[in-house]
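Here's the structure, in structure tokens; my notes come after.
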Amino acid sequence: MAKMFSYSKAEKLKSRKLMDQLFREGKTFSIFPLKVFYMQPTAILDFPVKAGVGVSSRNFKKAIHRNRVKRIMREAYRTEKNVLHDYLNLHQKQVVVFMLYIDKILPEYETIKTVMPVVLQRLVKKLNETAAANT
RNA sequence: CUACAAACCCGAACUAUCGCUCCGUACUUGUAUGGUGAGGAAAGUCUGGACAGCAAAGGGCAACCCACCGGUGAACAGCCGGAUGUUUCAGUAACAUGAAAUAAUAGAUAGUGCCACAGAAAAUAACUGCCGGCAACGGCGAUGGUGAAAACGUGGGGUAAAAGCCCACGAUGCUUUGCAGUAAUGCAUUGCAUGGGUAAACCUUGGGUGCUGUAAUGCCACGUAUAGUACCGUUUUAAGAGCGGCCCGUUCAAGGUACAGGGUAGGCAGCAACAUUGUGUAAGUAAUUGCACAGGCAGAUAAAUGAUAGUUUAGAAACAGAAUCCGGCUUACGAGGUUUGUAGUACA
RNA sequence: CGGGAUGUAGCGCAGCCCGGUAGCGCACACGUCUGGGGGGCGUGGGGUCGCAAGUUCAAAUCUUGUCAUCCCGA
């Protein structure tokens with residue numbers, strides 16, 4: 001694990017192929033105002049976590065507003081992601097995550113910042129459950 | 001001074017911590033370090049180009065666009081200057097005249113169409129009517145008061161009754177000549193004519209446009225089914241294709257079309273240095289152009305500018321985020337400033 | 001990045017090409033038939049024609065600009 005709070009190019013979900021697979025086969029859960037897609041890929045990734053954020057252009061028509069939402073989400077993920085990273089380091093797992101903002105009003109940074117740890121803890125819990133079920 | 005409207009300028013700066021894109025350097029090859037990083041509209045996509053491809057970017061029709069004159073520029077439907085109209089305001093007894101706005105602006109004397117209601121009649125001059133005549137008929141377009149618009153206007157002469165039929169003054173269109181102007185056009189002048197409006201109705205005239213767009217296009221790598229079904233065609237009179245529609249011409253042509261299915265969705269170039277930006281100066285009424293000096297100023301591909309705290313300022317808020325690149329147009333916009341106009345108040 | 005369609009009464013739509021009166025269905029109000037409801041019949045109200053400017057005597061209609069919504073292609 002590199003730096004504590006970084007969110008560099010290698011950690012971003014970029015492959016179109018992987019993304020199609022995620023939306024087709026991945027599992028989901030929602031904690032308002034976020035909806036999370038996640039799955040554990042079979043292939044070996046160059047980075048343990050591949051994470052992406054998104055907003056519907058139907059809900060936000062202006063590009064400036066979409067950029068604003070994505071920036072807030074990236075910032076929140078960057079500061080709160082240690083929970084997920086520690087878990088994955090401990091169990092030698094890898095995961096692909098995509099977080100979609102589903103509300104229609106422009107969010108404040110504080111609200112996303114309070115929701116993000118809850119989301120990541122839920123994600124860790126879900127991964128734990130599937131691991132338990134498999135064994 | 002205050003309020004409102006319009007045009008133009010400007011579109012915060014700095015420090016610390018964490019973090020992001022791209023570029024350079026170092027080495028232990030993923031870390032350190034240095035630099036770099038959105039707009040006046042990046043927007044709308046309304047336009048003009050650059051650049052690239054498309055059989056030889058063939059010809060005609062259709063379609064679409066433009067339309068006073070000159071300049072500007074790579075180009076334009078843009079911009080600048082001018083001419084002539086129209087509208088509004090000021091002004092006048094009424095003109096004249098001045099200011100502002102303006103998609104005005106080839107042709108209504110090429111042709112076709114349309115003009116509600118009212119009105120005799122909305123473009124053929126009919127009806128009513130007036131005059132002459134016994135009548136047949138002939139002459140006339142003044143009479144009719146409706147309408148947005150009624151057969152050049154006003155006054156006089158003239159006549160059986162009338163009429164640009166004639167005269168004076170004036171209006172409009174075409175035209176001759178002279179002067180001014182690069183020109184549009186203006187002023188004066190010669191002759192002829194006068195049946196409305198609409199071309200942002202069809203249209204005619206003149207000029208222009210080939211089409212598609214950086215997901216263009218070129219190259220590299222990886223991978224699948226030497227694979228299925230149906231139809232059309234193959235030595236000719238050829239199926240079909242060659243990038244919008246139709247016709248012609250021309251070139252290629254042994255495969256083509258549809259359905260179902262399988263694979264890939266990675267990389268490099270295009271791609272960031274020029275119709276470039278800033279300042280000064282010269283030419284020009286201006287748009288704009290020349291010269292000198294200085295600068296290097298985003299380059300991603302699920303897509304980079306954020307978060308927190310503090311300082312400065314009266315305040316930090318508006319509209320809003322590059323995706324091939326430039327010129328213009330249009331629209332959105334906070335606070336402050338400048339200029340102009342309108343209204344009110346106070347003082348001299 | 002490119003192409004197209006639609007804005008008319010509370011709702012769904014005509015009218016626009018070829019300019020002059022804005023209409024249809026449902027809904028609404030009143031009256032009537034019925035003991036009452038439902039339903040039928042009759043009468044009536046309600047529209048800045050998305051917004052702005054222009055052409056015209058006259059604009060929902062023609063022209064230009066603009067705003068919003070929806071759809072399509074790569």
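Here's how to read the names in the structure tokens: chain A, B, ... by the order shown, residue numbers from 1 in each chain, ligand numbers from 1 in the order shown.
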Residues of chain A that have any atom at most 9 Å from an atom of chain B: could you tabulate them with the shortest-distance atom pair and the distance in Å to one decimal, using only C-alpha atoms (C1' of nucleotides), ordered by chain and increasing number, as JSON lines?
{"residue": "A:Phe5", "atom": "CA", "partner": "B:G19", "partner_atom": "C1'", "distance": 7.2}
{"residue": "A:Ser6", "atom": "CA", "partner": "B:G19", "partner_atom": "C1'", "distance": 6.1}
{"residue": "A:Tyr7", "atom": "CA", "partner": "B:G19", "partner_atom": "C1'", "distance": 7.3}
{"residue": "A:Ser8", "atom": "CA", "partner": "B:C20", "partner_atom": "C1'", "distance": 7.2}
{"residue": "A:Lys9", "atom": "CA", "partner": "B:C20", "partner_atom": "C1'", "distance": 8.8}
{"residue": "A:Lys12", "atom": "CA", "partner": "B:A302", "partner_atom": "C1'", "distance": 8.7}
{"residue": "A:Leu13", "atom": "CA", "partner": "B:A302", "partner_atom": "C1'", "distance": 7.2}
{"residue": "A:Lys14", "atom": "CA", "partner": "B:A302", "partner_atom": "C1'", "distance": 6.0}
{"residue": "A:Ser15", "atom": "CA", "partner": "B:A302", "partner_atom": "C1'", "distance": 8.4}
{"residue": "A:Arg16", "atom": "CA", "partner": "B:A265", "partner_atom": "C1'", "distance": 7.7}
{"residue": "A:Lys17", "atom": "CA", "partner": "B:A265", "partner_atom": "C1'", "distance": 7.7}
{"residue": "A:Met19", "atom": "CA", "partner": "B:A302", "partner_atom": "C1'", "distance": 9.0}
{"residue": "A:Gly52", "atom": "CA", "partner": "B:A302", "partner_atom": "C1'", "distance": 7.2}
{"residue": "A:Val53", "atom": "CA", "partner": "B:A302", "partner_atom": "C1'", "distance": 7.9}
{"residue": "A:Gly54", "atom": "CA", "partner": "B:A302", "partner_atom": "C1'", "distance": 7.8}
{"residue": "A:Lys62", "atom": "CA", "partner": "B:A320", "partner_atom": "C1'", "distance": 8.8}
{"residue": "A:Ala63", "atom": "CA", "partner": "B:G321", "partner_atom": "C1'", "distance": 6.7}
{"residue": "A:Ile64", "atom": "CA", "partner": "B:G321", "partner_atom": "C1'", "distance": 5.4}
{"residue": "A:Asn67", "atom": "CA", "partner": "B:G321", "partner_atom": "C1'", "distance": 7.9}
{"residue": "A:Arg68", "atom": "CA", "partner": "B:G306", "partner_atom": "C1'", "distance": 9.0}
{"residue": "A:Arg71", "atom": "CA", "partner": "B:G306", "partner_atom": "C1'", "distance": 6.4}
{"residue": "A:Ile72", "atom": "CA", "partner": "B:G306", "partner_atom": "C1'", "distance": 7.6}
{"residue": "A:Arg74", "atom": "CA", "partner": "B:G306", "partner_atom": "C1'", "distance": 9.0}
{"residue": "A:Glu75", "atom": "CA", "partner": "B:A307", "partner_atom": "C1'", "distance": 6.9}
{"residue": "A:Ala76", "atom": "CA", "partner": "B:A307", "partner_atom": "C1'", "distance": 8.8}
{"residue": "A:Arg78", "atom": "CA", "partner": "B:G19", "partner_atom": "C1'", "distance": 8.0}
{"residue": "A:Thr79", "atom": "CA", "partner": "B:C18", "partner_atom": "C1'", "distance": 8.8}
{"residue": "A:Tyr109", "atom": "CA", "partner": "B:A307", "partner_atom": "C1'", "distance": 8.6}
Written selection (N, CA, C and O atoms) as a compact mmCIF listing (two decimals), in the first residue's frame:
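So the final result, stored in again-v2.txt, reads:
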# COMPACT_ATOMS: atom_id res chain seq x y z
N PHE A 5 -3.32 8.84 1.74
CA PHE A 5 -4.52 9.53 1.25
C PHE A 5 -4.52 9.76 -0.26
O PHE A 5 -5.25 10.58 -0.76
N SER A 6 -3.73 9.02 -1.00
CA SER A 6 -3.63 9.31 -2.43
C SER A 6 -4.80 8.66 -3.18
O SER A 6 -5.45 7.75 -2.67
N TYR A 7 -5.03 9.15 -4.40
CA TYR A 7 -6.03 8.55 -5.29
C TYR A 7 -5.52 8.76 -6.70
O TYR A 7 -5.94 9.68 -7.39
N SER A 8 -4.53 7.94 -7.08
CA SER A 8 -3.82 8.20 -8.33
C SER A 8 -4.48 7.46 -9.48
O SER A 8 -5.47 6.77 -9.32
N LYS A 9 -3.88 7.62 -10.64
CA LYS A 9 -4.42 7.06 -11.87
C LYS A 9 -4.56 5.54 -11.80
O LYS A 9 -5.50 4.97 -12.32
N LYS A 12 -7.77 4.22 -10.22
CA LYS A 12 -9.06 4.54 -10.84
C LYS A 12 -9.53 3.41 -11.74
O LYS A 12 -8.73 2.74 -12.38
N LEU A 13 -10.80 3.22 -11.79
CA LEU A 13 -11.42 2.25 -12.67
C LEU A 13 -11.47 2.83 -14.07
O LEU A 13 -12.18 3.79 -14.32
N LYS A 14 -10.68 2.25 -14.98
CA LYS A 14 -10.55 2.88 -16.30
C LYS A 14 -10.93 1.97 -17.45
O LYS A 14 -11.32 2.44 -18.50
N SER A 15 -10.80 0.66 -17.26
CA SER A 15 -11.02 -0.26 -18.37
C SER A 15 -12.50 -0.36 -18.71
O SER A 15 -13.34 -0.64 -17.85
N ARG A 16 -12.80 -0.14 -19.93
CA ARG A 16 -14.19 -0.23 -20.40
C ARG A 16 -14.73 -1.66 -20.24
O ARG A 16 -15.87 -1.89 -19.86
N LYS A 17 -13.84 -2.62 -20.47
CA LYS A 17 -14.20 -4.03 -20.38
C LYS A 17 -14.59 -4.40 -18.94
O LYS A 17 -15.63 -5.01 -18.70
N MET A 19 -15.53 -2.45 -16.65
CA MET A 19 -16.71 -1.71 -16.21
C MET A 19 -17.98 -2.38 -16.71
O MET A 19 -18.96 -2.50 -15.98
N GLY A 52 -14.32 3.86 -9.01
CA GLY A 52 -14.77 4.93 -9.89
C GLY A 52 -15.98 5.61 -9.30
O GLY A 52 -16.68 5.05 -8.45
N VAL A 53 -16.24 6.85 -9.76
CA VAL A 53 -17.42 7.58 -9.30
C VAL A 53 -18.18 8.06 -10.53
O VAL A 53 -17.60 8.22 -11.60
N GLY A 54 -19.49 8.31 -10.36
CA GLY A 54 -20.28 8.74 -11.50
C GLY A 54 -21.54 9.47 -11.09
O GLY A 54 -22.02 9.34 -9.96
N LYS A 62 -25.87 20.37 -16.31
CA LYS A 62 -24.70 21.20 -16.54
C LYS A 62 -23.43 20.44 -16.20
O LYS A 62 -23.36 19.77 -15.16
N ALA A 63 -22.42 20.55 -17.05
CA ALA A 63 -21.16 19.84 -16.85
C ALA A 63 -20.47 20.29 -15.57
O ALA A 63 -19.84 19.49 -14.89
N ILE A 64 -20.62 21.57 -15.23
CA ILE A 64 -19.97 22.08 -14.02
C ILE A 64 -20.51 21.41 -12.78
O ILE A 64 -19.77 21.11 -11.84
N ASN A 67 -19.15 17.76 -12.60
CA ASN A 67 -17.77 17.80 -12.14
C ASN A 67 -17.70 18.03 -10.65
O ASN A 67 -16.91 17.42 -9.94
N ARG A 68 -18.55 18.90 -10.14
CA ARG A 68 -18.57 19.24 -8.73
C ARG A 68 -18.90 18.01 -7.88
O ARG A 68 -18.21 17.71 -6.90
N ARG A 71 -16.02 15.50 -7.93
CA ARG A 71 -14.89 15.95 -7.13
C ARG A 71 -15.15 15.74 -5.64
O ARG A 71 -14.26 15.30 -4.91
N ILE A 72 -16.35 16.03 -5.23
CA ILE A 72 -16.69 15.85 -3.81
C ILE A 72 -16.58 14.38 -3.44
O ILE A 72 -16.03 14.01 -2.40
N ARG A 74 -14.82 11.99 -4.94
CA ARG A 74 -13.42 11.55 -4.94
C ARG A 74 -12.71 12.00 -3.68
O ARG A 74 -11.93 11.25 -3.09
N GLU A 75 -12.97 13.24 -3.26
CA GLU A 75 -12.32 13.77 -2.07
C GLU A 75 -12.72 12.96 -0.83
O GLU A 75 -11.87 12.60 -0.02
N ALA A 76 -14.00 12.63 -0.75
CA ALA A 76 -14.49 11.88 0.40
C ALA A 76 -13.90 10.47 0.41
O ALA A 76 -13.46 9.98 1.45
N ARG A 78 -11.10 9.55 -0.94
CA ARG A 78 -9.67 9.64 -0.68
C ARG A 78 -9.36 9.73 0.82
O ARG A 78 -8.42 9.10 1.30
N THR A 79 -10.16 10.47 1.55
CA THR A 79 -9.88 10.69 2.97
C THR A 79 -10.35 9.52 3.83
O THR A 79 -9.84 9.34 4.93
N TYR A 109 -20.32 19.01 0.70
CA TYR A 109 -19.19 18.11 0.98
C TYR A 109 -19.40 17.38 2.29
O TYR A 109 -19.09 16.20 2.41
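Taking range 4-58 of chain A and asking which residues DSSP calls alpha helix (DSSP H) on the backbone, you get Arg16, Lys17, Leu18, Met19, Asp20, Gln21, Leu22, Phe23, Arg24 and Glu25 of chain A.
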Could you give me, as an mmCIF file with N, CA and C atoms (P, O5', C5', C4', C3', O3' and C1' of nucleotides), in the first residue's frame, the residues within 12 Å of range 272-275 of chain B, counting only C-alpha atoms (C1' of nucleotides) and dropping anything in the same chain fewer than 5 positions from it?
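Final output, saved to result-v6.cif:
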data_model
loop_
_atom_site.group_PDB
_atom_site.id
_atom_site.type_symbol
_atom_site.label_atom_id
_atom_site.label_comp_id
_atom_site.auth_asym_id
_atom_site.auth_seq_id
_atom_site.Cartn_x
_atom_site.Cartn_y
_atom_site.Cartn_z
ATOM 1 P P G B 49 -16.229 29.272 -46.238
ATOM 2 O "O5'" G B 49 -15.095 28.803 -45.235
ATOM 3 C "C5'" G B 49 -13.861 28.298 -45.726
ATOM 4 C "C4'" G B 49 -12.712 28.846 -44.912
ATOM 5 C "C3'" G B 49 -11.594 27.852 -44.637
ATOM 6 O "O3'" G B 49 -10.696 27.762 -45.736
ATOM 7 C "C1'" G B 49 -12.201 28.897 -42.618
ATOM 8 P P A B 50 -10.127 26.337 -46.193
ATOM 9 O "O5'" A B 50 -9.031 26.016 -45.080
ATOM 10 C "C5'" A B 50 -7.929 26.883 -44.886
ATOM 11 C "C4'" A B 50 -7.181 26.528 -43.622
ATOM 12 C "C3'" A B 50 -6.639 25.108 -43.569
ATOM 13 O "O3'" A B 50 -5.391 24.991 -44.214
ATOM 14 C "C1'" A B 50 -7.768 25.625 -41.549
ATOM 15 P P G B 73 -6.503 44.125 -44.839
ATOM 16 O "O5'" G B 73 -6.547 42.545 -44.612
ATOM 17 C "C5'" G B 73 -6.396 41.985 -43.303
ATOM 18 C "C4'" G B 73 -7.436 40.925 -43.061
ATOM 19 C "C3'" G B 73 -7.268 39.663 -43.900
ATOM 20 O "O3'" G B 73 -6.311 38.794 -43.331
ATOM 21 C "C1'" G B 73 -9.521 40.356 -43.950
ATOM 22 P P A B 74 -5.247 38.072 -44.282
ATOM 23 O "O5'" A B 74 -6.104 37.000 -45.089
ATOM 24 C "C5'" A B 74 -5.513 36.246 -46.142
ATOM 25 C "C4'" A B 74 -6.300 34.977 -46.366
ATOM 26 C "C3'" A B 74 -7.808 35.188 -46.485
ATOM 27 O "O3'" A B 74 -8.182 35.425 -47.829
ATOM 28 C "C1'" A B 74 -7.356 33.493 -44.877
ATOM 29 P P A B 75 -9.367 36.484 -48.171
ATOM 30 O "O5'" A B 75 -10.680 35.729 -47.692
ATOM 31 C "C5'" A B 75 -11.151 34.575 -48.381
ATOM 32 C "C4'" A B 75 -12.235 33.888 -47.581
ATOM 33 C "C3'" A B 75 -13.448 34.744 -47.255
ATOM 34 O "O3'" A B 75 -14.396 34.705 -48.305
ATOM 35 C "C1'" A B 75 -12.683 33.674 -45.284
ATOM 36 P P G B 296 9.174 32.106 -21.289
ATOM 37 O "O5'" G B 296 8.067 31.072 -21.797
ATOM 38 C "C5'" G B 296 6.852 30.929 -21.078
ATOM 39 C "C4'" G B 296 5.801 30.252 -21.927
ATOM 40 C "C3'" G B 296 6.149 28.814 -22.311
ATOM 41 O "O3'" G B 296 4.984 27.994 -22.285
ATOM 42 C "C1'" G B 296 5.761 30.083 -24.260
ATOM 43 P P C B 297 4.415 27.429 -20.918
ATOM 44 O "O5'" C B 297 3.285 28.480 -20.522
ATOM 45 C "C5'" C B 297 2.105 28.078 -19.848
ATOM 46 C "C4'" C B 297 0.836 28.253 -20.740
ATOM 47 C "C3'" C B 297 1.059 27.711 -22.170
ATOM 48 O "O3'" C B 297 -0.012 26.937 -22.683
ATOM 49 C "C1'" C B 297 0.423 30.003 -22.231
ATOM 50 P P A B 298 -1.454 26.786 -22.312
ATOM 51 O "O5'" A B 298 -1.415 25.267 -21.821
ATOM 52 C "C5'" A B 298 -1.040 24.943 -20.483
ATOM 53 C "C4'" A B 298 -1.888 23.786 -20.012
ATOM 54 C "C3'" A B 298 -1.738 22.499 -20.830
ATOM 55 O "O3'" A B 298 -0.671 21.715 -20.348
ATOM 56 C "C1'" A B 298 -4.028 23.031 -20.566
ATOM 57 P P G B 299 0.129 20.681 -21.310
ATOM 58 O "O5'" G B 299 -0.952 19.617 -21.740
ATOM 59 C "C5'" G B 299 -1.467 18.655 -20.805
ATOM 60 C "C4'" G B 299 -2.652 17.919 -21.395
ATOM 61 C "C3'" G B 299 -2.268 16.880 -22.455
ATOM 62 O "O3'" G B 299 -3.186 15.793 -22.409
ATOM 63 C "C1'" G B 299 -3.640 18.530 -23.422
ATOM 64 P P U B 324 -12.837 17.015 -30.216
ATOM 65 O "O5'" U B 324 -11.589 17.785 -30.840
ATOM 66 C "C5'" U B 324 -10.280 17.478 -30.416
ATOM 67 C "C4'" U B 324 -9.279 18.293 -31.185
ATOM 68 C "C3'" U B 324 -9.498 19.795 -31.186
ATOM 69 O "O3'" U B 324 -9.042 20.406 -29.991
ATOM 70 C "C1'" U B 324 -8.982 19.047 -33.370
ATOM 71 P P C B 325 -9.686 21.763 -29.497
ATOM 72 O "O5'" C B 325 -8.985 22.809 -30.461
ATOM 73 C "C5'" C B 325 -7.565 22.962 -30.456
ATOM 74 C "C4'" C B 325 -7.145 23.890 -31.567
ATOM 75 C "C3'" C B 325 -7.849 25.222 -31.586
ATOM 76 O "O3'" C B 325 -7.276 26.101 -30.624
ATOM 77 C "C1'" C B 325 -7.788 24.338 -33.775
ATOM 78 P P C B 326 -8.005 27.451 -30.251
ATOM 79 O "O5'" C B 326 -7.505 28.374 -31.425
ATOM 80 C "C5'" C B 326 -8.029 29.674 -31.567
ATOM 81 C "C4'" C B 326 -7.857 30.154 -32.983
ATOM 82 C "C3'" C B 326 -8.887 31.177 -33.391
ATOM 83 O "O3'" C B 326 -8.543 32.456 -32.922
ATOM 84 C "C1'" C B 326 -8.736 29.522 -35.060
ATOM 85 P P G B 327 -9.647 33.349 -32.165
ATOM 86 O "O5'" G B 327 -10.395 34.007 -33.401
ATOM 87 C "C5'" G B 327 -9.651 34.670 -34.413
ATOM 88 C "C4'" G B 327 -10.554 35.156 -35.508
ATOM 89 C "C3'" G B 327 -11.877 35.749 -35.060
ATOM 90 O "O3'" G B 327 -11.737 37.076 -34.575
ATOM 91 C "C1'" G B 327 -12.237 34.293 -36.877
#
### Task
Determine, counting only C-alpha atoms (C1' of nucleotides), which protein, DNA and RNA residues have an atom within 12 Å of an atom of G208 in chain B; residues of the same chain fewer than 3 positions away are not included. Present the result as a list in words.
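Here the qualifying residues turn out to be C64, C65, C66 and A67 of chain B.
Take C1' of G197 in chain B and C1' of G20 in chain C: the distance between them is 15.8 Å.
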### Task
Between C:C67, C:A14, C:A58, C:C72, single out the one closest to C117 in chain B, counting only C-alpha atoms (C1' of nucleotides).
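Using only C-alpha atoms (C1' of nucleotides), C117 in chain B sits closest to C:A58.
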### Query
Do you know which residues are at most 12 Å from C329 in chain B counting only C-alpha atoms (C1' of nucleotides), after dropping those on the same chain fewer than 6 positions away, and could you put them as a list in words?
G44, U45, C46, U47, G48, C76, A77, G78 and C79 of chain B; G65 of chain C
Would you kindly return, as a CSV table (one decimal) with N, CA and C atoms (P, O5', C5', C4', C3', O3' and C1' of nucleotides), in the first residue's frame, each protein, DNA or RNA residue with an atom no farther than 12 Å from any atom of G15 in chain C, considering only C-alpha atoms (C1' of nucleotides) and excluding same-chain residues fewer than 4 positions away?
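That gives us around-v2.csv:
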chain,number,residue,atom,x,y,z
C,8,U,P,-48.7,23.9,-25.4
C,8,U,O5',-49.5,24.9,-26.4
C,8,U,C5',-49.6,26.3,-26.1
C,8,U,C4',-50.9,26.8,-26.6
C,8,U,C3',-52.2,26.1,-26.1
C,8,U,O3',-52.5,26.6,-24.8
C,8,U,C1',-52.4,26.4,-28.4
C,21,U,P,-59.4,36.8,-37.2
C,21,U,O5',-60.8,36.1,-37.0
C,21,U,C5',-62.0,36.8,-36.7
C,21,U,C4',-63.1,35.9,-36.3
C,21,U,C3',-62.7,34.8,-35.3
C,21,U,O3',-62.8,35.2,-34.0
C,21,U,C1',-63.8,33.8,-37.2
C,22,A,P,-61.5,35.2,-33.0
C,22,A,O5',-61.0,33.7,-33.1
C,22,A,C5',-61.6,32.7,-32.5
C,22,A,C4',-61.0,31.4,-32.8
C,22,A,C3',-61.4,30.3,-31.8
C,22,A,O3',-62.6,29.7,-32.2
C,22,A,C1',-59.1,30.3,-32.2
C,23,G,P,-63.8,29.5,-31.1
C,23,G,O5',-64.0,28.0,-31.1
C,23,G,C5',-64.7,27.3,-32.2
C,23,G,C4',-64.0,26.0,-32.5
C,23,G,C3',-64.2,24.9,-31.6
C,23,G,O3',-65.5,24.3,-31.7
C,23,G,C1',-62.0,24.9,-32.3
C,24,C,P,-66.2,23.5,-30.4
C,24,C,O5',-65.4,22.1,-30.5
C,24,C,C5',-65.7,21.2,-31.6
C,24,C,C4',-64.9,19.9,-31.4
C,24,C,C3',-65.1,19.2,-30.1
C,24,C,O3',-66.3,18.5,-30.0
C,24,C,C1',-62.8,19.2,-30.7
C,49,C,P,-50.4,34.7,-27.3
C,49,C,O5',-51.0,33.2,-27.0
C,49,C,C5',-50.2,32.3,-26.3
C,49,C,C4',-50.2,30.9,-27.0
C,49,C,C3',-49.2,30.8,-28.1
C,49,C,O3',-48.7,29.4,-28.0
C,49,C,C1',-51.3,30.4,-29.0
C,60,A,P,-51.9,36.4,-33.7
C,60,A,O5',-51.7,34.9,-33.1
C,60,A,C5',-50.5,34.6,-32.4
C,60,A,C4',-50.2,33.1,-32.6
C,60,A,C3',-49.6,32.7,-34.0
C,60,A,O3',-48.2,32.9,-34.0
C,60,A,C1',-51.3,31.2,-33.5
C,61,U,P,-47.4,33.5,-35.4
C,61,U,O5',-48.0,32.5,-36.5
C,61,U,C5',-47.5,31.2,-36.6
C,61,U,C4',-48.1,30.5,-37.8
C,61,U,C3',-47.7,31.0,-39.2
C,61,U,O3',-47.5,29.9,-40.0
C,61,U,C1',-50.1,31.1,-38.9
### Message
Applying 12 Å and only C-alpha atoms (C1' of nucleotides), which residues near range 58-61 of chain A remain after dropping the ones on its own chain fewer than 2 positions away? List them as a list in words.
### Response
Gly54, Val55, Ser56, Ala63, Ile64, His65, Arg66, Asn67, Arg68, Val69, Lys70, Leu100, Tyr101, Ile102, Asp103, Lys104, Ile105, Leu106 and Pro107 of chain A
